[in-house]
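K.L.:
Starting off with a structure, shown below.
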Amino acid sequence: MYKQQVIRRIFLCCLLGLLYPFSLLAQQAVDVTAKADTNSIRIGEQIKLQLTAKLTPAQFKDANFKILFPVLPDSLDHFEVVARTSLDTLVNQDQHILHQTFTLTSFDSGHWEIPPMRFEVFAGANTNPDSAFTLPVGIDVNTVAVDTTKAFKPIKAVQSVPWNIWDYWLYIAIGITIVLIAIGIWWYLRTRPKKEKVINIPTVSPYEIAAQELKALKEEKLWQQGDIKQYYTRLTDILRTYFEHQFSIAALEQTSEELLQNIKPVTKLNQQRDKLRSLLAIADLAKFAKLQPTAEEHEECMRKAEEILEWTKPKAGAPAEEAGAEGEKQQA
């Protein structure tokens, strides 16, 4: 009795040892398929090839279990890969389905087979991968049927598309917008109020400025301090500046002789010509010849300058430009 029990246990252990690898293989087996949406196309038409791998829930949840889909090159025998989708997962009852779709085309007529696709299956972290293959997929690539019994038809002429204004609505809208903007800018520039030119009327007349400067020169007492050249330079510059502003004579850029010639058309100035000549002569000698005039000559030059200024003083209420206009009129 005891011997029969031992033999029975040994038999059961051997049976389990034989069945265990098959149970592991069944757990690791993956159902892979390759399926095309059609098995017949014409040259240049496209095929949808879908690769699918079905996993059990245990395989899907196993962190060490992994399956790698085949990587298709851009070109297979007689087929070209046009597009490919990313790997997607679909749960169907007790199965997890991984699938990927490839778009293929062919330009070779005949019966061709898409070769078997190889999937690599990793059952554990440190195990070598197993391979799972799909069955080949046969595709018939047909040419376009041509009836050779009929005569060739002539080539059709190029047909023109009828003109439609709505095909150019965007360009027309842009053109109208540009024209309206241009018209608006032109109208604005034409009708905008013009800015009046501001005329700055001097609040102090050239006569008043010259009179103030002569008075300041007298109070500085330059010749009394021995600065003869500076005294006569200031004195003649005051008169020349007054002539330039009051009578529009470029007196500052002219020599004494040129100035005496150019004041002739101005009646008021010409009447004081002798006094001006005498003053300029003494001033030139003092500035350039280092002449030392007497005190009486200093006083006399200042007095003559004041007399010339008073004699040519404009009338009350008359603008400063009238005297200059008089000189220009006499020159004409």
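Identifiers for the structure tokens are assigned positionally: chains receive A, B, ... in sequence, residues are indexed from 1 per chain, and ligands are indexed from 1 in the order shown.
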Can you list, as a list of chain:residue names, every protein, DNA or RNA residue that comes within 10 Å of Ile263 in chain A when you count only C-alpha atoms, leaving out same-chain residues fewer than 3 positions away?
P.N.:
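Here the qualifying residues turn out to be A:Phe243, A:Phe247, A:Ile249, A:Ala251, A:Glu258, A:Leu259, A:Leu260, A:Val266, A:Thr267, A:Lys268, A:Leu269, A:Asn270, A:Gln271, A:Gln272, A:Arg273, A:Gly327.
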K.L.:
For range 74-77 of chain A, work out the shell of residues within 9 Å, counting only C-alpha atoms and skipping chain neighbours fewer than 5 positions away, then give it as JSON, numbers by chain.
P.N.:
{"A": [82, 83, 112, 113, 114, 115]}
K.L.:
Find, counting only C-alpha atoms, the residue in A:Thr105, A:Gln212, A:Asn126, A:Asn64 that gets nearest to His78 in chain A.
P.N.:
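Result for the nearest residue to His78 in chain A: A:Thr105.
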K.L.:
Name the closest residue to Leu90 in chain A among the candidates A:Arg118, A:Arg234, A:Lys54, A:His111; distances are taken between atoms, counting only C-alpha atoms.
P.N.:
A:Lys54
K.L.:
If you count only C-alpha atoms, which residues fall within 12 Å of Phe65 in chain A, apart from same-chain ones fewer than 5 positions away, as a PDB file with C-alpha atoms, in the first residue's frame?
P.N.:
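File produced: result_3.pdb:
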ATOM      1  CA  GLN A  27       0.794  32.558 -20.524  1.00  0.00           C
ATOM      2  CA  GLN A  28       3.497  34.169 -22.657  1.00  0.00           C
ATOM      3  CA  ALA A  29       1.920  33.463 -26.055  1.00  0.00           C
ATOM      4  CA  VAL A  30       0.668  36.608 -27.854  1.00  0.00           C
ATOM      5  CA  LEU A  55      -2.735  40.563 -24.647  1.00  0.00           C
ATOM      6  CA  THR A  56      -4.376  38.926 -21.684  1.00  0.00           C
ATOM      7  CA  PRO A  57      -5.056  41.043 -18.586  1.00  0.00           C
ATOM      8  CA  ALA A  58      -2.216  39.272 -16.755  1.00  0.00           C
ATOM      9  CA  GLN A  59       0.229  40.081 -19.541  1.00  0.00           C
ATOM     10  CA  PHE A  60      -0.931  43.698 -19.722  1.00  0.00           C
ATOM     11  CA  GLU A 120       9.450  40.790 -30.198  1.00  0.00           C
ATOM     12  CA  VAL A 121       8.005  39.582 -26.880  1.00  0.00           C
ATOM     13  CA  PHE A 122       9.829  40.087 -23.557  1.00  0.00           C
ATOM     14  CA  ALA A 123       8.325  37.844 -20.841  1.00  0.00           C
ATOM     15  CA  GLY A 124      10.706  38.921 -18.069  1.00  0.00           C
ATOM     16  CA  ALA A 125      13.268  41.530 -17.154  1.00  0.00           C
ATOM     17  CA  ASN A 126      16.335  39.363 -17.802  1.00  0.00           C
ATOM     18  CA  THR A 127      14.968  36.931 -20.372  1.00  0.00           C
ATOM     19  CA  ASN A 128      15.789  36.821 -24.059  1.00  0.00           C
ATOM     20  CA  PRO A 129      12.995  38.041 -26.343  1.00  0.00           C
ATOM     21  CA  ASP A 130      10.746  35.599 -28.161  1.00  0.00           C
TER      22      ASP A 130
END
